[in-house]
file upload.csv (CSV, C-alpha atoms)
chain,number,residue,atom,x,y,z
A,1,MET,CA,20.1,-0.7,-13.9
A,2,THR,CA,20.9,-4.0,-15.8
A,3,THR,CA,18.0,-5.4,-17.8
A,4,GLY,CA,17.4,-8.6,-19.8
A,5,PRO,CA,19.0,-9.0,-23.2
A,6,SER,CA,15.8,-8.3,-25.1
A,7,ARG,CA,14.9,-5.1,-23.3
A,8,THR,CA,16.5,-1.7,-23.2
A,9,THR,CA,17.0,0.4,-20.2
A,10,ARG,CA,14.5,2.9,-21.6
A,11,GLN,CA,11.8,0.2,-21.9
A,12,THR,CA,12.5,-1.0,-18.4
A,13,TRP,CA,12.2,2.5,-16.8
A,14,GLY,CA,9.1,3.1,-19.0
A,15,LEU,CA,7.5,0.0,-17.5
A,16,VAL,CA,8.4,1.0,-14.0
A,17,ALA,CA,7.1,4.6,-14.5
A,18,GLY,CA,3.9,3.5,-16.2
A,19,ALA,CA,3.0,0.9,-13.6
A,20,SER,CA,3.8,3.3,-10.8
A,21,LEU,CA,1.5,6.0,-12.2
A,22,VAL,CA,-1.4,3.5,-12.5
A,23,SER,CA,-0.7,2.5,-8.9
A,24,THR,CA,-0.5,6.1,-7.8
A,25,GLY,CA,-4.0,6.9,-9.1
A,26,LEU,CA,-5.4,3.8,-7.3
A,27,ALA,CA,-3.6,4.7,-4.0
A,28,ALA,CA,-5.0,8.3,-4.1
A,29,TYR,CA,-8.5,6.8,-4.7
A,30,GLU,CA,-8.0,4.4,-1.8
A,31,ILE,CA,-7.1,7.0,0.9
A,32,VAL,CA,-9.0,10.1,-0.1
A,33,PRO,CA,-12.1,9.5,2.0
A,34,ALA,CA,-9.8,9.9,5.1
A,35,SER,CA,-9.0,13.4,4.1
A,36,VAL,CA,-12.6,14.5,4.3
A,37,THR,CA,-13.9,12.3,7.1
A,38,PRO,CA,-15.9,15.0,8.9
A,39,LEU,CA,-17.7,16.0,5.7
A,40,VAL,CA,-18.5,12.4,4.9
A,41,ARG,CA,-19.8,11.7,8.4
A,42,GLU,CA,-22.0,14.8,8.4
A,43,SER,CA,-23.4,14.2,5.0
A,44,LEU,CA,-24.1,10.4,5.4
A,45,ARG,CA,-24.8,10.7,9.2
A,46,ILE,CA,-22.4,7.9,10.1
A,47,ASP,CA,-20.1,7.3,13.1
A,48,SER,CA,-16.3,7.0,13.1
A,49,THR,CA,-16.3,3.2,12.6
A,50,ALA,CA,-18.5,3.4,9.5
A,51,ALA,CA,-16.3,6.2,8.1
A,52,GLY,CA,-13.2,4.2,8.7
A,53,LEU,CA,-14.8,1.3,6.8
A,54,LEU,CA,-14.9,3.5,3.6
A,55,VAL,CA,-11.1,3.3,3.6
A,56,GLY,CA,-10.8,-0.2,5.1
A,57,VAL,CA,-13.3,-1.9,2.8
A,58,MET,CA,-10.8,-1.7,-0.1
A,59,PHE,CA,-8.2,-3.5,1.9
A,60,GLY,CA,-10.7,-6.0,3.1
A,61,THR,CA,-11.6,-6.8,-0.5
A,62,ALA,CA,-8.0,-7.0,-1.4
A,63,VAL,CA,-7.3,-9.5,1.4
A,64,VAL,CA,-9.9,-11.9,0.0
A,65,THR,CA,-9.0,-11.5,-3.7
A,66,SER,CA,-5.2,-11.2,-3.5
A,67,LEU,CA,-4.3,-14.9,-3.3
A,68,PRO,CA,-6.6,-15.9,-6.2
A,69,ALA,CA,-5.2,-13.0,-8.2
A,70,GLY,CA,-1.6,-14.1,-7.5
A,71,ALA,CA,-2.3,-17.7,-8.4
A,72,ALA,CA,-3.9,-16.5,-11.7
A,73,LEU,CA,-1.0,-14.2,-12.4
A,74,ASP,CA,1.5,-17.1,-12.1
A,75,ARG,CA,-0.5,-18.6,-15.0
A,76,ALA,CA,-1.8,-15.6,-16.9
A,77,ASP,CA,-1.0,-12.3,-18.6
A,78,SER,CA,-0.1,-9.7,-16.0
A,79,ARG,CA,0.1,-7.0,-18.7
A,80,THR,CA,-3.5,-7.4,-19.8
A,81,ALA,CA,-4.6,-7.7,-16.1
A,82,MET,CA,-3.2,-4.2,-15.5
A,83,ALA,CA,-5.3,-2.8,-18.3
A,84,VAL,CA,-8.5,-4.4,-17.2
A,85,ALA,CA,-7.9,-3.3,-13.6
A,86,THR,CA,-7.4,0.3,-14.7
A,87,LEU,CA,-10.7,0.3,-16.5
A,88,ALA,CA,-12.4,-1.2,-13.4
A,89,LEU,CA,-11.1,1.8,-11.4
A,90,PHE,CA,-13.0,4.1,-13.8
A,91,VAL,CA,-16.2,2.2,-13.2
A,92,ALA,CA,-15.6,2.3,-9.4
A,93,GLY,CA,-14.9,6.0,-9.4
A,94,GLY,CA,-18.0,7.0,-11.3
A,95,TRP,CA,-20.2,4.6,-9.3
A,96,GLY,CA,-18.9,6.1,-6.0
A,97,TRP,CA,-19.6,9.6,-7.2
A,98,LEU,CA,-23.2,8.8,-8.1
A,99,ALA,CA,-23.7,6.9,-4.8
A,100,GLY,CA,-22.3,9.8,-2.8
A,101,ARG,CA,-24.5,12.3,-4.5
A,102,ASN,CA,-27.5,10.1,-3.6
A,103,GLY,CA,-26.4,9.6,0.0
A,104,ASP,CA,-26.3,5.8,-0.5
A,105,TYR,CA,-23.6,4.6,2.0
A,106,ARG,CA,-24.0,0.9,1.1
A,107,SER,CA,-23.6,1.6,-2.6
A,108,ILE,CA,-20.4,3.6,-1.9
A,109,LEU,CA,-19.1,0.6,0.0
A,110,ALA,CA,-19.8,-1.6,-3.0
A,111,SER,CA,-18.0,0.7,-5.4
A,112,ARG,CA,-15.0,0.8,-3.0
A,113,ALA,CA,-15.0,-3.0,-3.0
A,114,LEU,CA,-14.7,-3.0,-6.8
A,115,GLY,CA,-11.8,-0.5,-6.4
A,116,GLY,CA,-10.2,-2.9,-4.0
A,117,VAL,CA,-10.2,-5.7,-6.6
A,118,ALA,CA,-8.6,-3.3,-9.1
A,119,TYR,CA,-6.0,-2.3,-6.6
A,120,VAL,CA,-4.8,-5.8,-5.7
A,121,VAL,CA,-4.5,-6.8,-9.4
A,122,VAL,CA,-2.5,-3.7,-10.2
A,123,TRP,CA,-0.3,-4.2,-7.1
A,124,ASN,CA,0.5,-7.9,-7.6
A,125,ALA,CA,0.9,-7.7,-11.4
A,126,GLY,CA,3.0,-4.5,-11.1
A,127,ILE,CA,5.4,-6.1,-8.6
A,128,ASP,CA,5.6,-9.3,-10.7
A,129,MET,CA,6.4,-7.5,-13.9
A,130,VAL,CA,8.9,-5.1,-12.4
A,131,SER,CA,10.7,-7.9,-10.6
A,132,ARG,CA,11.0,-9.9,-13.8
A,133,ALA,CA,12.2,-6.9,-15.9
A,134,VAL,CA,15.4,-6.4,-13.8
A,135,ASP,CA,18.2,-8.7,-12.4
A,136,GLY,CA,18.5,-9.9,-8.9
A,137,ASP,CA,21.1,-7.3,-7.8
A,138,ASN,CA,18.7,-4.4,-8.5
A,139,ARG,CA,15.4,-6.1,-7.8
A,140,ALA,CA,14.8,-4.6,-4.4
A,141,THR,CA,15.6,-1.1,-5.7
A,142,ALA,CA,13.2,-1.4,-8.7
A,143,VAL,CA,10.4,-2.8,-6.6
A,144,GLY,CA,11.0,-0.1,-4.0
A,145,ILE,CA,10.5,2.5,-6.7
A,146,PHE,CA,7.2,0.9,-7.8
A,147,THR,CA,6.0,0.6,-4.2
A,148,ALA,CA,6.8,4.3,-3.8
A,149,SER,CA,3.7,4.9,-5.9
A,150,GLY,CA,1.7,4.1,-2.7
A,151,PRO,CA,2.9,7.0,-0.7
A,152,VAL,CA,2.8,9.3,-3.7
A,153,GLY,CA,-0.9,8.5,-4.2
A,154,PHE,CA,-1.7,8.7,-0.5
A,155,ALA,CA,-0.1,12.2,-0.3
A,156,LEU,CA,-2.0,13.2,-3.4
A,157,GLY,CA,-5.2,12.0,-2.0
A,158,GLN,CA,-4.6,13.4,1.5
A,159,GLY,CA,-3.4,16.8,0.2
A,160,THR,CA,-5.9,17.5,-2.6
A,161,GLY,CA,-9.0,15.7,-1.3
A,162,PRO,CA,-10.3,18.6,0.7
A,163,LEU,CA,-9.6,20.9,-2.3
A,164,VAL,CA,-11.6,18.7,-4.6
A,165,ALA,CA,-14.4,18.4,-2.1
A,166,GLY,CA,-14.5,22.1,-1.6
A,167,ALA,CA,-14.7,22.8,-5.3
A,168,PHE,CA,-17.0,20.0,-6.6
A,169,GLY,CA,-18.6,18.5,-3.5
A,170,TRP,CA,-17.2,15.6,-1.5
A,171,PRO,CA,-18.5,12.8,-3.8
A,172,ALA,CA,-16.1,14.1,-6.5
A,173,ILE,CA,-13.2,12.6,-4.5
A,174,PHE,CA,-14.0,9.2,-5.9
A,175,PRO,CA,-13.5,9.8,-9.7
A,176,ALA,CA,-10.9,12.6,-9.2
A,177,PHE,CA,-7.8,10.5,-9.6
A,178,THR,CA,-8.7,8.1,-12.4
A,179,GLY,CA,-7.0,10.3,-14.9
A,180,VAL,CA,-3.6,9.6,-13.3
A,181,ALA,CA,-4.1,5.9,-13.7
A,182,LEU,CA,-5.1,6.3,-17.4
A,183,VAL,CA,-1.9,8.3,-18.1
A,184,GLY,CA,0.1,5.5,-16.4
A,185,LEU,CA,-1.6,2.9,-18.5
A,186,LEU,CA,-0.7,4.8,-21.7
A,187,VAL,CA,3.0,4.8,-20.7
A,188,PHE,CA,3.0,1.2,-19.3
A,189,TRP,CA,1.3,-0.5,-22.3
A,190,PRO,CA,4.0,0.0,-25.0
A,191,ALA,CA,6.9,-0.3,-22.5
A,192,SER,CA,5.7,-3.7,-21.2
A,193,ARG,CA,5.3,-5.3,-24.6
A,194,GLY,CA,6.7,-8.9,-24.4
A,195,LEU,CA,6.3,-9.2,-20.7
A,196,GLY,CA,3.4,-10.6,-18.6
A,197,ARG,CA,2.4,-13.5,-20.8
A,198,ASN,CA,1.4,-16.8,-19.3
A,199,ARG,CA,4.1,-19.4,-19.0
A,200,ASP,CA,4.2,-23.1,-20.0
A,201,ASP,CA,5.7,-24.0,-16.7
A,202,ALA,CA,2.9,-22.7,-14.5
A,203,PRO,CA,3.2,-23.9,-10.9
A,204,SER,CA,1.1,-26.8,-9.7
A,205,VAL,CA,-1.5,-26.8,-7.0
A,206,ARG,CA,1.0,-28.6,-4.8
A,207,GLU,CA,3.6,-25.8,-5.3
A,208,PHE,CA,1.0,-23.2,-4.6
A,209,GLY,CA,0.1,-25.0,-1.3
A,210,ALA,CA,3.8,-25.2,-0.3
A,211,VAL,CA,3.9,-21.3,-0.3
A,212,LEU,CA,1.1,-21.3,2.2
A,213,ARG,CA,2.8,-23.8,4.4
A,214,ASP,CA,6.1,-22.0,4.5
A,215,ARG,CA,6.8,-20.7,8.0
A,216,THR,CA,9.3,-18.1,6.8
A,217,VAL,CA,6.7,-16.7,4.4
A,218,TRP,CA,4.2,-16.3,7.3
A,219,THR,CA,6.9,-14.5,9.3
A,220,VAL,CA,7.5,-11.9,6.7
A,221,GLY,CA,3.7,-11.7,6.1
A,222,ALA,CA,3.2,-10.9,9.7
A,223,LEU,CA,5.7,-8.1,9.5
A,224,GLY,CA,3.7,-6.7,6.5
A,225,PHE,CA,0.5,-7.0,8.5
A,226,LEU,CA,2.0,-4.9,11.4
A,227,GLY,CA,3.5,-2.4,9.0
A,228,TYR,CA,0.3,-1.8,7.0
A,229,ALA,CA,-1.7,-1.6,10.2
A,230,LEU,CA,0.5,1.2,11.5
A,231,TYR,CA,0.6,2.9,8.1
A,232,LEU,CA,-3.2,3.0,7.6
A,233,PHE,CA,-3.9,3.9,11.2
A,234,VAL,CA,-1.9,7.1,11.0
A,235,ASN,CA,-3.1,7.9,7.5
A,236,THR,CA,-6.8,7.5,8.5
A,237,TRP,CA,-6.9,9.0,11.9
A,238,GLY,CA,-3.9,11.4,12.0
A,239,SER,CA,-5.9,14.2,10.2
A,240,SER,CA,-8.9,13.8,12.5
A,241,TYR,CA,-6.6,14.0,15.5
A,242,LEU,CA,-5.0,17.2,14.3
A,243,SER,CA,-8.4,18.8,13.5
A,244,THR,CA,-10.4,17.7,16.5
A,245,GLU,CA,-7.8,17.6,19.3
A,246,VAL,CA,-5.1,20.1,18.2
A,247,GLY,CA,-7.6,22.5,16.6
A,248,LEU,CA,-6.2,22.8,13.1
A,249,SER,CA,-8.4,23.3,10.0
A,250,LEU,CA,-9.4,20.3,8.0
A,251,ALA,CA,-7.4,21.5,5.0
A,252,LEU,CA,-4.2,22.2,7.1
A,253,SER,CA,-4.6,18.9,8.9
A,254,GLY,CA,-4.8,17.1,5.5
A,255,LEU,CA,-1.7,18.8,4.2
A,256,LEU,CA,0.3,18.0,7.4
A,257,VAL,CA,-0.7,14.4,7.4
A,258,ALA,CA,0.1,14.2,3.7
A,259,VAL,CA,3.8,14.3,4.6
A,260,PHE,CA,3.5,11.0,6.4
A,261,PRO,CA,2.8,9.0,3.2
A,262,ALA,CA,4.8,11.4,1.0
A,263,ILE,CA,8.1,10.7,2.7
A,264,GLY,CA,7.6,7.1,1.5
A,265,VAL,CA,8.9,8.1,-1.9
A,266,VAL,CA,12.3,8.4,-0.2
A,267,SER,CA,11.7,5.6,2.3
A,268,ARG,CA,10.6,2.9,-0.1
A,269,ILE,CA,13.3,3.5,-2.6
A,270,SER,CA,15.8,3.8,0.2
A,271,SER,CA,14.8,0.5,1.6
A,272,GLY,CA,15.9,-1.3,-1.5
A,273,LEU,CA,19.1,0.7,-1.8
A,274,LEU,CA,20.0,0.1,1.8
A,275,SER,CA,19.4,-3.6,1.5
A,276,ASP,CA,21.1,-4.1,-1.9
A,277,ARG,CA,24.0,-1.8,-1.2
A,278,LEU,CA,24.7,-1.2,2.5
A,279,PHE,CA,23.7,-4.6,3.8
A,280,GLY,CA,24.9,-6.7,0.8
A,281,GLY,CA,21.4,-8.0,0.0
A,282,ARG,CA,20.3,-8.8,3.6
A,283,ARG,CA,16.7,-7.8,4.2
A,284,ARG,CA,16.3,-8.3,8.0
A,285,PRO,CA,18.4,-5.3,9.3
A,286,VAL,CA,16.3,-2.8,7.3
A,287,VAL,CA,13.0,-4.2,8.7
A,288,LEU,CA,14.3,-4.3,12.2
A,289,GLY,CA,15.4,-0.7,12.0
A,290,SER,CA,12.0,0.2,10.6
A,291,PHE,CA,10.0,-1.0,13.6
A,292,GLY,CA,12.7,0.1,16.0
A,293,LEU,CA,12.5,3.7,14.9
A,294,ALA,CA,8.7,3.7,14.5
A,295,ALA,CA,7.8,2.4,18.0
A,296,PRO,CA,8.8,5.4,20.2
A,297,LEU,CA,7.5,7.9,17.7
A,298,VAL,CA,4.0,6.5,17.5
A,299,LEU,CA,3.9,5.9,21.3
A,300,GLY,CA,4.7,9.6,21.9
A,301,PHE,CA,2.7,11.2,19.1
A,302,THR,CA,-0.2,12.5,21.2
A,303,ARG,CA,2.1,13.9,23.8
A,304,LEU,CA,3.3,16.6,21.4
A,305,ASP,CA,1.6,20.0,21.1
A,306,SER,CA,4.1,21.8,18.8
A,307,ILE,CA,3.0,21.9,15.2
A,308,PRO,CA,6.6,21.9,13.8
A,309,LEU,CA,7.5,19.0,16.1
A,310,LEU,CA,4.4,17.1,15.0
A,311,LEU,CA,5.4,17.6,11.4
A,312,VAL,CA,8.9,16.3,12.1
A,313,VAL,CA,7.5,13.3,13.9
A,314,LEU,CA,5.1,12.6,11.1
A,315,LEU,CA,8.0,12.7,8.6
A,316,LEU,CA,10.2,10.4,10.7
A,317,THR,CA,7.4,7.9,11.4
A,318,GLY,CA,6.3,7.8,7.8
A,319,PHE,CA,9.9,7.1,6.8
A,320,ALA,CA,10.4,4.4,9.4
A,321,ILE,CA,7.2,2.5,8.7
A,322,GLN,CA,7.5,2.5,5.0
A,323,LEU,CA,11.0,1.0,5.0
A,324,THR,CA,9.2,-2.3,5.7
A,325,LEU,CA,6.5,-1.7,3.2
A,326,GLY,CA,9.0,-1.0,0.5
A,327,LEU,CA,11.1,-4.1,1.1
A,328,SER,CA,8.7,-6.8,2.2
A,329,PHE,CA,7.5,-7.7,-1.3
A,330,THR,CA,11.0,-8.3,-2.5
A,331,TYR,CA,11.8,-10.1,0.8
A,332,VAL,CA,9.0,-12.6,0.5
A,333,ARG,CA,9.4,-13.5,-3.2
A,334,GLU,CA,13.0,-14.4,-2.4
A,335,LEU,CA,11.9,-16.9,0.2
A,336,VAL,CA,10.3,-19.1,-2.5
A,337,GLU,CA,11.1,-20.5,-5.9
A,338,SER,CA,10.6,-18.2,-8.9
A,339,ARG,CA,7.8,-20.3,-10.3
A,340,VAL,CA,5.6,-19.3,-7.4
A,341,ALA,CA,7.0,-15.8,-6.8
A,342,ALA,CA,3.7,-14.1,-7.8
A,343,THR,CA,1.8,-16.3,-5.4
A,344,ALA,CA,4.2,-15.3,-2.6
A,345,VAL,CA,3.8,-11.6,-3.4
A,346,ALA,CA,0.0,-12.1,-3.5
A,347,PHE,CA,0.2,-13.8,-0.1
A,348,GLN,CA,2.2,-10.9,1.3
A,349,THR,CA,-0.3,-8.5,-0.2
A,350,SER,CA,-3.2,-10.4,1.3
A,351,VAL,CA,-1.7,-10.6,4.8
A,352,GLY,CA,-0.3,-7.1,4.8
A,353,LEU,CA,-3.6,-5.6,3.6
A,354,ALA,CA,-5.4,-7.5,6.3
A,355,GLY,CA,-3.6,-5.1,8.7
A,356,ALA,CA,-4.7,-2.2,6.4
A,357,PHE,CA,-8.3,-3.4,6.5
A,358,VAL,CA,-8.4,-3.8,10.3
A,359,ALA,CA,-6.6,-0.6,11.3
A,360,PRO,CA,-9.0,2.2,10.1
A,361,THR,CA,-12.1,0.5,11.5
A,362,ALA,CA,-10.6,-0.8,14.7
A,363,GLY,CA,-8.8,2.6,15.2
A,364,GLY,CA,-12.2,4.3,14.8
A,365,ALA,CA,-13.7,2.0,17.4
A,366,VAL,CA,-10.9,2.7,19.9
A,367,VAL,CA,-11.2,6.5,19.2
A,368,ASP,CA,-14.9,6.4,19.9
A,369,ALA,CA,-14.5,4.2,23.0
A,370,ALA,CA,-11.4,5.6,24.7
A,371,GLY,CA,-10.0,8.5,22.7
A,372,PHE,CA,-7.0,9.3,20.6
A,373,ASP,CA,-4.4,8.7,23.4
A,374,ALA,CA,-5.4,5.1,23.8
A,375,ALA,CA,-5.6,4.5,20.0
A,376,PHE,CA,-2.1,5.8,19.4
A,377,ALA,CA,-0.8,3.8,22.4
A,378,LEU,CA,-2.1,0.6,20.9
A,379,ALA,CA,-0.6,1.4,17.6
A,380,GLY,CA,2.8,2.0,19.3
A,381,LEU,CA,2.5,-1.5,20.9
A,382,LEU,CA,2.0,-3.0,17.4
A,383,ALA,CA,5.4,-1.4,16.4
A,384,VAL,CA,7.0,-3.0,19.5
A,385,CYS,CA,5.6,-6.4,18.4
A,386,GLY,CA,7.2,-5.7,15.0
A,387,VAL,CA,10.6,-5.2,16.6
A,388,VAL,CA,10.4,-8.6,18.3
A,389,LEU,CA,9.2,-10.4,15.1
A,390,ALA,CA,11.8,-8.7,12.9
A,391,TRP,CA,14.6,-9.9,15.3
A,392,ARG,CA,13.5,-13.5,14.6
A,393,ALA,CA,12.9,-13.1,10.8
A,394,PRO,CA,15.0,-15.2,8.3
A,395,GLU,CA,17.2,-14.0,5.5
A,396,PRO,CA,16.2,-15.2,2.0
A,397,ALA,CA,18.2,-17.8,0.1
A,398,ASN,CA,16.8,-17.3,-3.4
A,399,ARG,CA,18.3,-14.1,-4.8
call {"tool": "encode", "arguments": {"input": "upload.csv", "output": "structure tokens"}}
result
Amino acid sequence: MTTGPSRTTRQTWGLVAGASLVSTGLAAYEIVPASVTPLVRESLRIDSTAAGLLVGVMFGTAVVTSLPAGAALDRADSRTAMAVATLALFVAGGWGWLAGRNGDYRSILASRALGGVAYVVVWNAGIDMVSRAVDGDNRATAVGIFTASGPVGFALGQGTGPLVAGAFGWPAIFPAFTGVALVGLLVFWPASRGLGRNRDDAPSVREFGAVLRDRTVWTVGALGFLGYALYLFVNTWGSSYLSTEVGLSLALSGLLVAVFPAIGVVSRISSGLLSDRLFGGRRRPVVLGSFGLAAPLVLGFTRLDSIPLLLVVLLLTGFAIQLTLGLSFTYVRELVESRVAATAVAFQTSVGLAGAFVAPTAGGAVVDAAGFDAAFALAGLLAVCGVVLAWRAPEPANR
């Protein structure tokens, strides 16, 4: 991987690895309540919608704070922002543990909102720094590697959440993964020296507004919305479906659903390689194939009763959906000038996470009202909408 003249390949990979570990810890913290939903519902005496909100609130917070964070990162020090956000995760984890032990649902929600702020800062700053640490020919690949931290963290949370809850009580799921983020910060900090500082040519308010008025940016943002909605719906309600409808144990259901985000390690890295190498830098074919493969798999999920077949479908669906999630952040920043690239990434994060925010709660409402068949059918229709939108998406000019 080619790097700038003042940075070695070792420094660049250290930056990517450290930022990815920080993001992995945050991602595990984000999704882990979904792995023990029945325990949380029973302990707090809440319904499916309220349980889904424990996951969705982080994404809702990120939707609101992403654009301000992106605008600030175009003017400020992304490196320092990563450190502060990691410390905020420690506070959120401890707060959530205490609130869970006291049975205080509203306080848990508030702690998760703080975690959402930490998440969006790490995500936007990480993408910004990784993108600037490599050249354009390898950017999608490097960013794909960073975004693979999301599925690694989700798999970690889904797979080990029930084990943590069984050993230490379910409130322990909140601080359980902060150590991963700390290790990442210790790797990231020395490797990122010299990057992330504020720039003298910070974009104006007018340039910031131009990003928000760009129709092509909105198109790619909408694709991110649909991709994240599908991703969070399956992550949040897949385990509950397998345990309540198929009859699997909670621990086994969590392990099976963990393969859905885990395959994203391959998928998100592959999205950049496919786009950079196979399609010569074109982004649209990868996104079109992502939704085209996901649509029939999601639509038919609840029609399957074979455990091996369900596992295969979870793997294929996770791979397909995360092709879009791995590529969309590189895609959108190439639609705008480099001076406002962090703002474009923040916009993509905000719109995409709006889908992540809506999906767990809306999915819970549909499950309560009409059952899992209807909920997965609606999710499949979202994938069909993604096919139509990807067909009309533009190719970036700024690479």
call {"tool": "atom_distance", "arguments": {"input": "upload.csv", "atom1": "CA of Tyr331 (chain A)", "atom2": "CA of Arg206 (chain A)"}}
result
22.1 Å
call {"tool": "residues_around", "arguments": {"input": "upload.csv", "residues": "region 59-71 of chain A", "least_positions_apart": "2", "cutoff": "7 Å", "atoms": "only C-alpha atoms", "output": "PDB file with C-alpha atoms, keeping the file's coordinate frame"}}
result
ATOM      1  CA  GLY A  56     -10.800  -0.200   5.100  1.00  0.00           C
ATOM      2  CA  VAL A  57     -13.300  -1.900   2.800  1.00  0.00           C
ATOM      3  CA  LEU A  73      -1.000 -14.200 -12.400  1.00  0.00           C
ATOM      4  CA  ASP A  74       1.500 -17.100 -12.100  1.00  0.00           C
ATOM      5  CA  ARG A  75      -0.500 -18.600 -15.000  1.00  0.00           C
ATOM      6  CA  ALA A 113     -15.000  -3.000  -3.000  1.00  0.00           C
ATOM      7  CA  GLY A 116     -10.200  -2.900  -4.000  1.00  0.00           C
ATOM      8  CA  VAL A 117     -10.200  -5.700  -6.600  1.00  0.00           C
ATOM      9  CA  VAL A 120      -4.800  -5.800  -5.700  1.00  0.00           C
ATOM     10  CA  VAL A 121      -4.500  -6.800  -9.400  1.00  0.00           C
ATOM     11  CA  ASN A 124       0.500  -7.900  -7.600  1.00  0.00           C
ATOM     12  CA  ALA A 342       3.700 -14.100  -7.800  1.00  0.00           C
ATOM     13  CA  THR A 343       1.800 -16.300  -5.400  1.00  0.00           C
ATOM     14  CA  ALA A 346       0.000 -12.100  -3.500  1.00  0.00           C
ATOM     15  CA  PHE A 347       0.200 -13.800  -0.100  1.00  0.00           C
ATOM     16  CA  THR A 349      -0.300  -8.500  -0.200  1.00  0.00           C
ATOM     17  CA  SER A 350      -3.200 -10.400   1.300  1.00  0.00           C
ATOM     18  CA  VAL A 351      -1.700 -10.600   4.800  1.00  0.00           C
ATOM     19  CA  LEU A 353      -3.600  -5.600   3.600  1.00  0.00           C
ATOM     20  CA  ALA A 354      -5.400  -7.500   6.300  1.00  0.00           C
ATOM     21  CA  ALA A 356      -4.700  -2.200   6.400  1.00  0.00           C
ATOM     22  CA  PHE A 357      -8.300  -3.400   6.500  1.00  0.00           C
TER      23      PHE A 357
END
call {"tool": "closest_residue", "arguments": {"input": "upload.csv", "among": "A:Ala251, A:Val332, A:Leu327, A:Leu163", "to": "Leu274 (chain A)", "atoms": "all atoms listed in the file"}}
result
A:Leu327
call {"tool": "closest_residue", "arguments": {"input": "upload.csv", "among": "A:Leu26, A:Leu44, A:Ala365, A:Leu382", "to": "Trp237 (chain A)", "atoms": "all atoms listed in the file"}}
result
A:Ala365
call {"tool": "atom_distance", "arguments": {"input": "upload.csv", "atom1": "CA of Ala390 (chain A)", "atom2": "CA of Thr216 (chain A)"}}
result
11.5 Å
call {"tool": "residues_around", "arguments": {"input": "upload.csv", "residues": "Thr317 (chain A)", "least_positions_apart": "3", "cutoff": "7 Å", "atoms": "only C-alpha atoms", "output": "list of chain:residue names"}}
result
A:Ala294, A:Leu297, A:Val313, A:Leu314, A:Ala320, A:Ile321
call {"tool": "atom_distance", "arguments": {"input": "upload.csv", "atom1": "CA of Asn102 (chain A)", "atom2": "CA of Gly25 (chain A)"}}
result
24.3 Å
call {"tool": "closest_residue", "arguments": {"input": "upload.csv", "among": "A:Ala118, A:Ile269, A:Leu323, A:Met82", "to": "Gly224 (chain A)", "atoms": "all atoms listed in the file"}}
result
A:Leu323
call {"tool": "closest_residue", "arguments": {"input": "upload.csv", "among": "A:Ser328, A:Phe146, A:Met58, A:Val32", "to": "Ala110 (chain A)", "atoms": "all atoms listed in the file"}}
result
A:Met58
call {"tool": "residues_around", "arguments": {"input": "upload.csv", "residues": "Gly96 (chain A)", "least_positions_apart": "6", "cutoff": "12 Å", "atoms": "only C-alpha atoms", "output": "number ranges by chain"}}
result
A: 29-30, 33, 54, 89-90, 102-115, 170-176
call {"tool": "residues_near_point", "arguments": {"input": "upload.csv", "point": "(1.7, -3.6, 21.0)", "cutoff": "12 Å", "atoms": "all atoms listed in the file", "output": "ChimeraX atom specification"}}
result
/A:226,229-230,291,295-296,298-299,374-389
call {"tool": "closest_residue", "arguments": {"input": "upload.csv", "among": "A:Val340, A:Val134, A:Ala191, A:Ala222", "to": "Ala210 (chain A)", "atoms": "all atoms listed in the file"}}
result
A:Val340
call {"tool": "residues_around", "arguments": {"input": "upload.csv", "residues": "Arg284 (chain A)", "least_positions_apart": "2", "cutoff": "8 Å", "atoms": "only C-alpha atoms", "output": "VMD selection string"}}
result
chain A and resid 282 286 to 288 390 to 391 393 to 395
call {"tool": "residues_near_point", "arguments": {"input": "upload.csv", "point": "(-16.4, 1.8, 10.6)", "cutoff": "10 Å", "atoms": "only C-alpha atoms", "output": "PyMOL selection string"}}
result
chain A and resi 46-57+358+360-365
call {"tool": "closest_residue", "arguments": {"input": "upload.csv", "among": "A:Val366, A:Val336, A:Leu325, A:Val211", "to": "Thr147 (chain A)", "atoms": "only C-alpha atoms"}}
result
A:Leu325
